[in-house]
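What follows is a single structure, written as structure tokens, with notes after it.
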Amino acid sequence: MSGPSDFQPSNPALKWIERRLPIFGLIHSSFVAYPTPRNLNYWWTFGAILSMMLALQILTGVILAMHYTPHADLAFKSVELIVRDVNYGWLLRNMHACGASMFFFAVYIHMFRGLYYGSYKEPREVLWILGVIIYLLMMATGFMGYVLPWGQMSFWGATVITNLFSAVPYFGESIVTLLWGGYSVGNPTLNRFFSLHYLLPFVIAGVVVLHVWALHVAGQNNPAGVEAKTEKDTVPFTPYATIKDAFGVSCFLIFFAWFIFYMPNYLGDADNYIPANPGVTPAHIVPEWYYLPFYAILRSIPNKLAGVVAMFSAIIILCFLPWLDSARTRSSKYRPLAKQFFWIFVVVCILLGYLGSQPPEGIYVIAGRILTVCYFAYFLIVLPLLARIETPRPLPNSIADDVLAKSKGRAATAASVMLAMVVAGSLLVGGTQTAKAEEGGNAPPAQAWSFSGPFGKYDRGSLQRGLKVYKEVCSACHGLSYVAFRNLADAGGPGYSEAQAAAFASEYKIKDGPNDQGEMFERPGRPADYFPSPFPNEQAARAANGGAAPPDLSLITKARSYKRGFPQFVIDFFSQYQEQGPDYVDAILQGFEEKVPAGVTIPEGSYYNKYFPGHAIKMPKPLSDGQVTFDDGSPATVKQYAHDVTTFLMWAAEPHMEERKRIGMQVFVFLIIFAFLMYFTKRKVWADAH
Amino acid sequence: MTTASSADHPTRRDFLFVATGAAAAVGAAATVWPLVAQMNPDAATIAAGAPIQVDLAPIVEGQDIKVFWRGKPIYISHRTKKQIQEAQSVALSSLPDPQPDSARVKAGHDQWLVVIGICTHLGCIPIAHEGNYDGFFCPCHGSQYDSSGRIRQGPAPANLAVPPYAFLSDTKIQIG
Ligand code: FES
């Protein structure tokens with residue numbers, strides 16, 4: 001749109017550079033003087049939001065790579081060490097993990113906006129196709145990133161997704177072997193995924209440059225869908241669009257921070273806190289929420305190859321959109337029928353997402369098939385047909401006219417964007433809740449925890465009692481291998497002094513060595529040592545416990561969950577309910593019953609537990625009244641033991657929770673003030689434009 | 001374009017811009033902090049750097065051992081009479097980094113020299129019992145240290161550093 005800039009820096013040094021490399025002119029013409037339609041609404045700020053998210057993901061990703069170990073035996077542990085020991089590691093990891101979801105959330109809004117306002121139409125076809133390429137690259141990057149923590153979902157997600165390629169006729173098996181670098185998903189797979197996960201974001205950044213370049217050649221589309229003709233139709237990019245984008249970004253950051261600081265595991269899967277185990281597949285393999293609609297399409301087709309083809313076609317079809325929809329009117333604002341079908345399409349996508357998270361049985365399969373047909377029909381039947389039969393409403397003459405026609409209701413737009421974001425966010429995103437079917441287990445009763453909610457703190461007394469219960473009872477069979485004795489003196493923990501932690505450590509015998517004679521020896525524990533595990537290896541643990549190895553308890557309260565269901569998971573998003581894990585652990589400890597109810601058979605060597613999925617648990621009832629005596633006079637009951645040890649295990653799983661919530665509150669106060677400032681600044685700046 | 005000269009309240013408007021800019025600057029600085037702080041040693045590394053204890057009993061006169069503390073090699077030398085004699089008798093004025101031997105060992109434990117075995121030039125590890133001064137010789141660029149670990153010759157600017165340590169008993173020290 002804008003020709004070569006006649007911008008000249010006044011500083012002689014900059015002038016010298018500009019003569020040789022006209023970079024300041026380029027920046028000036030692209031991001032300062034660049035004319036932008038004056039009627040853009042807040043849906044257009046998602047371009048800036050996405051740029052910020054890409055930059056943030058690259059930044060946090062490069063930092064995480066400084067601490068991460070891409071090795072099948074060490075990856076899971078290194079992620080835990082990042083979260084526990086690296087300065088602000090928990091924050092960086094939450095930013096990166098939730099950031100991926102936010103990135104997809106923003107890209108979906110950006111894509112739906114393009115769809116609604118016809119931003120893919122002539123002359124913006126290449127711009128749109130570049131966008132689809134970015135989206136595909138994002139999907140590949142997100143998938144490989146999810147593999148890196150090497151938890152159960154990582155491993156099995158990698159297995160399932162790479163196996164998609166085995167559907168290719170003739171070459172399928174060879175392609176999959178090539179992807180794995182072995183006979184199954186393993187260390188070589190993890191290594192190459194790490195390498196590619198590091199590479200692809202920079203490829204995305206490169207395509208984004210092309211995307212923005214194409215945008216600046218064709219000019220931005222706008223809600224009216226008519227091209228800018230005169231000066232009156234546009235405003236310079238800076239300060240007008242810049243400030244509006246900045247306001248949009250600051251609102252988005254509030255939404256983002258909600259996840260980082262208060263709901264970091266809301267979008268994740270509890271199974272991914274269990275280290276990868278090639279011998280056991282989780283009951284329900286569910287991909288991250290942003291792939292769910294496509295996963296639903298894959299599963300609704302009962303033929304392997306056809307399913308894979310349908311899934312990829314669902315994305316590739318977007319590339320042909322500019323030609324499938326040949327209507328001349330761009331904006332759906334002026335297309336009464338297209339507008340209705342657009343919203344139906346949005347609902348179809350969300351429902352597909354929901355189905356993707358459900359087990360592929362019964363009604364879900366049928367609904368999945370119907371919706372898959374609807375998805376493709378929108379592109380292949382509805383849009384081509386509408387282009388022929390629909391009579392659009394009259395378009396405004398110019399953008400300036402459009403602005404005059406609705407100079408009111410601007411604040412309402414901002415409010416509606418916020419509202420729509422929150423509602424759509426909770427809906428889209430909520431589909432992720434682990435689809436762990438109840439399988440006959442009862443839902444654990446919700447407990448009152450001192451650590452729930454935005455101001456939650458661990459109850460020190462409870463942590464200390466819980467430690468005692470762990471030490472005297474649980475530690476006979478269960479390890480706690482990510483917790484070090486020094487952690488007992490950490491801020492936000494059980495509140496022991498360093499001397500007390502050292503004394504506690506010295507009661508343990510720790511294997512060390514080899515010494516100068518090459519022999520292993522035992523020595524008293526030091527604060528830097530970790531809680532020793534009761535069994536030397538998994539085989540020994542298995543052998544001593546009737547075939548079921550007692551799990552390590554370091555992460556148990558995060559690694560266990562139960563299905564919350566709709567609409568509960570939407571409410572959880574607003575109420576910050578994050579305590580499925582503790583509720584479950586507490587319920588299991590109290591759920592043992594001597595009398596097996598009629599109709600339930602418990603195999604030999606198993607015990608009846610009301611809350612355990614399937615009710616047959618290998619662990620005998622671990623706690624009974626009076627087993628542990630507390631010095632502080634707390635009741636020596638199973639109820640109290642269960643509560644205290646669960647509190648302790650929650651701390652063990654997330655030792656920095658108090659810091660997270662404290663910093664979260666500071667960030668929230670800041671971001672809200674900042675968003676208000678941005679809003680008023682934006683209004684002042686735009687006051688000149690009207 | 002926006003200029004402060006437009007009709008409505010220029011001062012209030014300027015204040016708003018300044019306040020927003022300042023808030024943005026504060027936010028940016030607060031964001032950069034954790035991004036940089038993460039590069040400092042993590043809690044596990046710091047915990048692993050706790051003091052260590054070394055038993056001196058097996059080290060015979062004239063022998064030295066190398067132990068590691070915080071990833072650094074520590075030389076513990078059981079000096080001979082001759083070495084002690086040499087270290088104590090050298091004229092301080094002739095040293096590039098003058099320091100009496102008594103300031104480099106613990107009183108009453110003259111026979112034990114404990115130094116960080118990292119050349120003060122550019123960080124190579126000097127070899128014990130080599131060079132012209134009955135001490136250490138750094139193969140990288142030829143620095144020579146005496147039997148008290150003091151620099152005598154070569155490009156290194158300073159004596160080998162003495163780590164913090166204390167005698168727990170006559171045959172046991174704690175480093176750190
Ligand atoms: S490092 Fe030892 S002489 Fe240069």
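Chain identifiers are assigned as A, B, and so on, following the order in which chains appear in the structure tokens; residues are numbered from 1 within each chain, and ligands are numbered from 1 in order of appearance.
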
Exercise for the section: Extract the full set of strand (DSSP E) residues from region 7-113 of chain B according to DSSP on the backbone, and format it as number ranges by chain. Expected result: B: 52-55, 64-69, 72-78, 112-113

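Near chain A, within 7 Å and counting only C-alpha atoms, the residues of chain B are B:Thr2, B:Leu16, B:Phe17, B:Thr20, B:Ala23, B:Pro34, B:Ala37, B:Gln38, B:Asp42, B:Ala43, B:Ala44, B:Ala47, B:Ala48.
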
N, CA and C atoms of the current selection, written as an mmCIF file, in the first residue's frame:
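Final output, part05.cif:
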data_model
loop_
_atom_site.group_PDB
_atom_site.id
_atom_site.type_symbol
_atom_site.label_atom_id
_atom_site.label_comp_id
_atom_site.auth_asym_id
_atom_site.auth_seq_id
_atom_site.Cartn_x
_atom_site.Cartn_y
_atom_site.Cartn_z
ATOM 1 N N THR B 2 -0.937 13.021 17.626
ATOM 2 C CA THR B 2 -1.209 13.479 18.986
ATOM 3 C C THR B 2 -0.121 14.437 19.415
ATOM 4 N N LEU B 16 -1.385 11.146 32.089
ATOM 5 C CA LEU B 16 -1.871 9.813 31.728
ATOM 6 C C LEU B 16 -0.824 9.067 30.906
ATOM 7 N N PHE B 17 -0.245 9.779 29.933
ATOM 8 C CA PHE B 17 0.754 9.127 29.073
ATOM 9 C C PHE B 17 1.976 8.718 29.890
ATOM 10 N N THR B 20 1.118 5.705 32.122
ATOM 11 C CA THR B 20 1.035 4.458 31.361
ATOM 12 C C THR B 20 2.418 3.980 30.956
ATOM 13 N N ALA B 23 4.191 2.621 33.993
ATOM 14 C CA ALA B 23 3.676 1.302 34.362
ATOM 15 C C ALA B 23 4.217 0.247 33.408
ATOM 16 N N PRO B 34 12.822 -12.412 36.497
ATOM 17 C CA PRO B 34 12.913 -13.889 36.547
ATOM 18 C C PRO B 34 13.613 -14.486 35.326
ATOM 19 N N ALA B 37 17.190 -14.086 36.410
ATOM 20 C CA ALA B 37 17.518 -14.771 37.668
ATOM 21 C C ALA B 37 17.601 -16.286 37.485
ATOM 22 N N GLN B 38 16.886 -16.830 36.524
ATOM 23 C CA GLN B 38 16.905 -18.284 36.324
ATOM 24 C C GLN B 38 18.301 -18.795 35.981
ATOM 25 N N ASP B 42 20.858 -23.189 40.588
ATOM 26 C CA ASP B 42 19.572 -23.589 41.156
ATOM 27 C C ASP B 42 19.762 -24.142 42.570
ATOM 28 N N ALA B 43 18.644 -24.375 43.240
ATOM 29 C CA ALA B 43 18.680 -24.751 44.659
ATOM 30 C C ALA B 43 19.440 -26.057 44.884
ATOM 31 N N ALA B 44 19.334 -26.996 43.942
ATOM 32 C CA ALA B 44 20.025 -28.279 44.120
ATOM 33 C C ALA B 44 21.536 -28.084 44.033
ATOM 34 N N ALA B 47 22.700 -26.477 47.226
ATOM 35 C CA ALA B 47 22.702 -27.452 48.331
ATOM 36 C C ALA B 47 23.875 -28.416 48.207
ATOM 37 N N ALA B 48 24.221 -28.772 46.967
ATOM 38 C CA ALA B 48 25.329 -29.709 46.755
ATOM 39 C C ALA B 48 26.665 -29.051 47.076
#

Return as a Markdown table the residues of chain B lying at most 10 Å from ligand 1, together with the closest atom-to-atom pair for each and the distance in Å to one decimal, counting only C-alpha atoms and all ligand atoms, with rows in chain order and ascending residue number.
| residue | atom | partner | partner_atom_place_in_ligand_line | distance |
| --- | --- | --- | --- | --- |
| B:Ile118 | CA | ligand 1 | 2 (Fe) | 7.8 |
| B:Cys119 | CA | ligand 1 | 2 (Fe) | 4.6 |
| B:Thr120 | CA | ligand 1 | 2 (Fe) | 6.6 |
| B:His121 | CA | ligand 1 | 1 (S) | 4.5 |
| B:Leu122 | CA | ligand 1 | 1 (S) | 3.9 |
| B:Gly123 | CA | ligand 1 | 1 (S) | 4.9 |
| B:Cys124 | CA | ligand 1 | 1 (S) | 4.4 |
| B:Ile125 | CA | ligand 1 | 2 (Fe) | 6.9 |
| B:Pro126 | CA | ligand 1 | 2 (Fe) | 6.5 |
| B:Ile127 | CA | ligand 1 | 2 (Fe) | 9.9 |
| B:Phe137 | CA | ligand 1 | 2 (Fe) | 8.0 |
| B:Cys138 | CA | ligand 1 | 2 (Fe) | 4.6 |
| B:Pro139 | CA | ligand 1 | 2 (Fe) | 6.5 |
| B:Cys140 | CA | ligand 1 | 3 (S) | 4.9 |
| B:His141 | CA | ligand 1 | 3 (S) | 3.6 |
| B:Gly142 | CA | ligand 1 | 3 (S) | 4.8 |
| B:Ser143 | CA | ligand 1 | 3 (S) | 4.4 |
| B:Gln144 | CA | ligand 1 | 3 (S) | 7.9 |
| B:Gln153 | CA | ligand 1 | 3 (S) | 9.6 |
| B:Gly154 | CA | ligand 1 | 3 (S) | 6.7 |
| B:Pro155 | CA | ligand 1 | 3 (S) | 6.0 |
| B:Ala156 | CA | ligand 1 | 3 (S) | 5.8 |
| B:Pro157 | CA | ligand 1 | 3 (S) | 9.6 |

Restrict the selected residues to N, CA and C atoms and save them as a PDB file, in the first residue's frame.
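Here's the written file part-v2.pdb:
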ATOM      1  N   ILE B 118      43.483 -23.837  41.239  1.00  0.00           N
ATOM      2  CA  ILE B 118      43.109 -23.195  39.977  1.00  0.00           C
ATOM      3  C   ILE B 118      44.047 -22.027  39.761  1.00  0.00           C
ATOM      4  N   CYS B 119      44.815 -22.080  38.669  1.00  0.00           N
ATOM      5  CA  CYS B 119      45.795 -21.047  38.369  1.00  0.00           C
ATOM      6  C   CYS B 119      45.117 -19.698  38.298  1.00  0.00           C
ATOM      7  N   THR B 120      45.700 -18.701  38.958  1.00  0.00           N
ATOM      8  CA  THR B 120      45.078 -17.376  38.991  1.00  0.00           C
ATOM      9  C   THR B 120      45.280 -16.622  37.692  1.00  0.00           C
ATOM     10  N   HIS B 121      45.996 -17.229  36.748  1.00  0.00           N
ATOM     11  CA  HIS B 121      46.100 -16.604  35.438  1.00  0.00           C
ATOM     12  C   HIS B 121      44.790 -16.790  34.688  1.00  0.00           C
ATOM     13  N   LEU B 122      44.572 -17.960  34.081  1.00  0.00           N
ATOM     14  CA  LEU B 122      43.336 -18.154  33.331  1.00  0.00           C
ATOM     15  C   LEU B 122      42.632 -19.466  33.655  1.00  0.00           C
ATOM     16  N   GLY B 123      42.913 -20.001  34.829  1.00  0.00           N
ATOM     17  CA  GLY B 123      42.057 -21.090  35.290  1.00  0.00           C
ATOM     18  C   GLY B 123      42.486 -22.511  35.001  1.00  0.00           C
ATOM     19  N   CYS B 124      43.703 -22.738  34.487  1.00  0.00           N
ATOM     20  CA  CYS B 124      44.146 -24.129  34.319  1.00  0.00           C
ATOM     21  C   CYS B 124      44.507 -24.710  35.689  1.00  0.00           C
ATOM     22  N   ILE B 125      44.760 -26.010  35.727  1.00  0.00           N
ATOM     23  CA  ILE B 125      45.101 -26.661  36.986  1.00  0.00           C
ATOM     24  C   ILE B 125      46.609 -26.894  37.038  1.00  0.00           C
ATOM     25  N   PRO B 126      47.283 -26.242  37.988  1.00  0.00           N
ATOM     26  CA  PRO B 126      48.736 -26.428  38.104  1.00  0.00           C
ATOM     27  C   PRO B 126      49.056 -27.856  38.568  1.00  0.00           C
ATOM     28  N   ILE B 127      50.243 -28.343  38.182  1.00  0.00           N
ATOM     29  CA  ILE B 127      50.666 -29.685  38.572  1.00  0.00           C
ATOM     30  C   ILE B 127      51.508 -29.571  39.841  1.00  0.00           C
ATOM     31  N   PHE B 137      53.367 -26.095  39.210  1.00  0.00           N
ATOM     32  CA  PHE B 137      53.731 -25.546  37.907  1.00  0.00           C
ATOM     33  C   PHE B 137      52.499 -25.627  37.002  1.00  0.00           C
ATOM     34  N   CYS B 138      52.149 -24.492  36.406  1.00  0.00           N
ATOM     35  CA  CYS B 138      50.980 -24.509  35.532  1.00  0.00           C
ATOM     36  C   CYS B 138      51.433 -24.701  34.091  1.00  0.00           C
ATOM     37  N   PRO B 139      51.003 -25.779  33.448  1.00  0.00           N
ATOM     38  CA  PRO B 139      51.474 -26.090  32.108  1.00  0.00           C
ATOM     39  C   PRO B 139      50.902 -25.164  31.038  1.00  0.00           C
ATOM     40  N   CYS B 140      49.851 -24.439  31.349  1.00  0.00           N
ATOM     41  CA  CYS B 140      49.195 -23.659  30.291  1.00  0.00           C
ATOM     42  C   CYS B 140      50.097 -22.549  29.785  1.00  0.00           C
ATOM     43  N   HIS B 141      50.543 -21.664  30.721  1.00  0.00           N
ATOM     44  CA  HIS B 141      51.380 -20.553  30.275  1.00  0.00           C
ATOM     45  C   HIS B 141      52.584 -20.385  31.185  1.00  0.00           C
ATOM     46  N   GLY B 142      52.921 -21.442  31.915  1.00  0.00           N
ATOM     47  CA  GLY B 142      54.181 -21.473  32.643  1.00  0.00           C
ATOM     48  C   GLY B 142      54.248 -20.730  33.960  1.00  0.00           C
ATOM     49  N   SER B 143      53.123 -20.551  34.654  1.00  0.00           N
ATOM     50  CA  SER B 143      53.216 -19.919  35.965  1.00  0.00           C
ATOM     51  C   SER B 143      53.776 -20.916  36.976  1.00  0.00           C
ATOM     52  N   GLN B 144      54.589 -20.399  37.928  1.00  0.00           N
ATOM     53  CA  GLN B 144      55.180 -21.280  38.934  1.00  0.00           C
ATOM     54  C   GLN B 144      54.811 -20.789  40.321  1.00  0.00           C
ATOM     55  N   GLN B 153      56.656 -16.883  39.585  1.00  0.00           N
ATOM     56  CA  GLN B 153      57.189 -16.618  38.254  1.00  0.00           C
ATOM     57  C   GLN B 153      56.096 -16.929  37.243  1.00  0.00           C
ATOM     58  N   GLY B 154      56.044 -16.134  36.157  1.00  0.00           N
ATOM     59  CA  GLY B 154      55.044 -16.396  35.123  1.00  0.00           C
ATOM     60  C   GLY B 154      53.931 -15.367  35.129  1.00  0.00           C
ATOM     61  N   PRO B 155      52.960 -15.556  34.247  1.00  0.00           N
ATOM     62  CA  PRO B 155      51.950 -14.510  34.029  1.00  0.00           C
ATOM     63  C   PRO B 155      50.865 -14.417  35.091  1.00  0.00           C
ATOM     64  N   ALA B 156      50.718 -15.386  35.975  1.00  0.00           N
ATOM     65  CA  ALA B 156      49.632 -15.330  36.948  1.00  0.00           C
ATOM     66  C   ALA B 156      49.831 -14.150  37.887  1.00  0.00           C
ATOM     67  N   PRO B 157      48.789 -13.394  38.207  1.00  0.00           N
ATOM     68  CA  PRO B 157      48.933 -12.183  39.019  1.00  0.00           C
ATOM     69  C   PRO B 157      48.902 -12.420  40.518  1.00  0.00           C
TER      70      PRO B 157
END

Exercise for the section: Please provide as a ChimeraX atom specification all residues within 12 Å of Trp156 (chain A), with the sequence filter that same-chain residues fewer than 4 positions apart are discarded (counting only C-alpha atoms). Expected result: /A:143,146-148,150-152,160-163,184-186,271-272,274-287

Written file, previous selection with C-alpha atoms, as a short mmCIF file (atom, residue, chain, number, x, y, z; two decimals), in the first residue's frame:
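Generated file (result-v1.cif):
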data_model
loop_
_atom_site.label_atom_id
_atom_site.label_comp_id
_atom_site.auth_asym_id
_atom_site.auth_seq_id
_atom_site.Cartn_x
_atom_site.Cartn_y
_atom_site.Cartn_z
CA PHE A 143 2.70 -31.77 19.61
CA TYR A 146 4.04 -31.93 24.64
CA VAL A 147 6.23 -35.01 24.21
CA LEU A 148 9.25 -33.45 25.92
CA TRP A 150 8.10 -37.57 28.89
CA GLY A 151 5.11 -38.31 31.04
CA GLN A 152 2.52 -40.95 30.24
CA VAL A 160 -0.60 -42.53 18.69
CA ILE A 161 0.21 -39.50 16.56
CA THR A 162 3.28 -41.01 14.90
CA ASN A 163 1.23 -44.12 14.19
CA SER A 184 9.19 -48.02 19.10
CA VAL A 185 8.96 -44.53 20.57
CA GLY A 186 12.08 -44.15 22.66
CA ASP A 271 -1.52 -38.65 33.62
CA ASN A 272 1.37 -36.54 32.41
CA ILE A 274 3.30 -40.07 35.77
CA PRO A 275 6.67 -40.83 34.14
CA ALA A 276 6.44 -42.48 30.71
CA ASN A 277 5.87 -46.21 30.97
CA PRO A 278 6.07 -48.14 27.68
CA GLY A 279 4.26 -51.06 29.31
CA VAL A 280 1.03 -49.38 30.40
CA THR A 281 -1.31 -47.23 28.31
CA PRO A 282 -3.49 -44.72 30.19
CA ALA A 283 -7.18 -45.61 30.13
CA HIS A 284 -8.04 -42.70 27.85
CA ILE A 285 -5.60 -41.11 25.46
CA VAL A 286 -6.69 -37.53 25.01
CA PRO A 287 -4.63 -35.00 23.09
#

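Remark: for Ala87 (chain B), the closest of the candidate residues B:Gly49, B:Pro164, B:Pro58, B:Pro100 is B:Pro100 (distances computed over only C-alpha atoms).
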
Exercise for the section: One decimal, Å: what's the distance from CA of Gln666 (chain A) over to CA of Val18 (chain B), could you say? Expected result: 21.5 Å

Problem - Nearest to Ala214 (chain A) by atom-to-atom distance, counting only C-alpha atoms, from A:Leu321, A:Val107, A:Val403, A:Val126 - result: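 Answer, going by the shortest atom-to-atom distance: A:Val126.
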
Practice task
Counting only C-alpha atoms, figure out which residue out of A:Ile399, A:Ala241, A:Ala100, A:Ile510 gets nearest to Ala55 (chain A).
Solution key: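 Of all the options, A:Ala100 lies closest to Ala55 (chain A).
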
Practice task
Using DSSP on the backbone, list every residue of region 47-98 of chain B that comes out as helix (DSSP H, G or I), and give them as a list of chain:residue names.
Solution key: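 For region 47-98 of chain B, the helix (DSSP H, G or I) set is B:Ala47, B:Ala48, B:Lys81, B:Lys82, B:Gln83, B:Ile84, B:Gln85, B:Glu86, B:Ala87, B:Gln88, B:Ser89, B:Leu92, B:Ser93, B:Ser94.
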
Write the residues of the selection above to a file with N, CA and C atoms, as a PDB file, in the first residue's frame.
ATOM      1  N   ALA B  47      22.700 -26.477  47.226  1.00  0.00           N
ATOM      2  CA  ALA B  47      22.702 -27.452  48.331  1.00  0.00           C
ATOM      3  C   ALA B  47      23.875 -28.416  48.207  1.00  0.00           C
ATOM      4  N   ALA B  48      24.221 -28.772  46.967  1.00  0.00           N
ATOM      5  CA  ALA B  48      25.329 -29.709  46.755  1.00  0.00           C
ATOM      6  C   ALA B  48      26.665 -29.051  47.076  1.00  0.00           C
ATOM      7  N   LYS B  81      59.501 -31.013  55.904  1.00  0.00           N
ATOM      8  CA  LYS B  81      60.237 -29.991  56.674  1.00  0.00           C
ATOM      9  C   LYS B  81      60.867 -28.986  55.734  1.00  0.00           C
ATOM     10  N   LYS B  82      61.445 -29.502  54.640  1.00  0.00           N
ATOM     11  CA  LYS B  82      62.165 -28.652  53.699  1.00  0.00           C
ATOM     12  C   LYS B  82      61.205 -27.659  53.053  1.00  0.00           C
ATOM     13  N   GLN B  83      60.057 -28.140  52.669  1.00  0.00           N
ATOM     14  CA  GLN B  83      59.075 -27.262  52.018  1.00  0.00           C
ATOM     15  C   GLN B  83      58.624 -26.152  52.964  1.00  0.00           C
ATOM     16  N   ILE B  84      58.377 -26.533  54.228  1.00  0.00           N
ATOM     17  CA  ILE B  84      57.932 -25.533  55.203  1.00  0.00           C
ATOM     18  C   ILE B  84      59.031 -24.490  55.386  1.00  0.00           C
ATOM     19  N   GLN B  85      60.230 -24.995  55.535  1.00  0.00           N
ATOM     20  CA  GLN B  85      61.407 -24.140  55.700  1.00  0.00           C
ATOM     21  C   GLN B  85      61.529 -23.126  54.555  1.00  0.00           C
ATOM     22  N   GLU B  86      61.416 -23.633  53.342  1.00  0.00           N
ATOM     23  CA  GLU B  86      61.513 -22.764  52.160  1.00  0.00           C
ATOM     24  C   GLU B  86      60.403 -21.714  52.148  1.00  0.00           C
ATOM     25  N   ALA B  87      59.185 -22.186  52.472  1.00  0.00           N
ATOM     26  CA  ALA B  87      58.045 -21.282  52.412  1.00  0.00           C
ATOM     27  C   ALA B  87      58.178 -20.162  53.430  1.00  0.00           C
ATOM     28  N   GLN B  88      58.768 -20.479  54.592  1.00  0.00           N
ATOM     29  CA  GLN B  88      58.830 -19.474  55.648  1.00  0.00           C
ATOM     30  C   GLN B  88      59.998 -18.523  55.479  1.00  0.00           C
ATOM     31  N   SER B  89      61.069 -18.989  54.826  1.00  0.00           N
ATOM     32  CA  SER B  89      62.287 -18.182  54.819  1.00  0.00           C
ATOM     33  C   SER B  89      62.378 -17.203  53.651  1.00  0.00           C
ATOM     34  N   LEU B  92      59.753 -11.571  51.771  1.00  0.00           N
ATOM     35  CA  LEU B  92      58.444 -11.159  51.251  1.00  0.00           C
ATOM     36  C   LEU B  92      58.572 -10.166  50.110  1.00  0.00           C
ATOM     37  N   SER B  93      59.615  -9.311  50.187  1.00  0.00           N
ATOM     38  CA  SER B  93      59.771  -8.254  49.185  1.00  0.00           C
ATOM     39  C   SER B  93      60.057  -8.833  47.799  1.00  0.00           C
ATOM     40  N   SER B  94      60.503 -10.082  47.756  1.00  0.00           N
ATOM     41  CA  SER B  94      60.816 -10.663  46.459  1.00  0.00           C
ATOM     42  C   SER B  94      59.590 -11.309  45.817  1.00  0.00           C
TER      43      SER B  94
END

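Atom pair CA of Lys106 (chain B) / CA of Gly71 (chain B): separated by 23.5 Å.
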
Practice task
Find the spatial neighbours of Ala166 (chain B), counting only C-alpha atoms, within a cut-off of 10 Å - ignore same-chain residues fewer than 4 positions away - and output them as a ChimeraX atom specification.
Solution key: /B:53,106,172-176
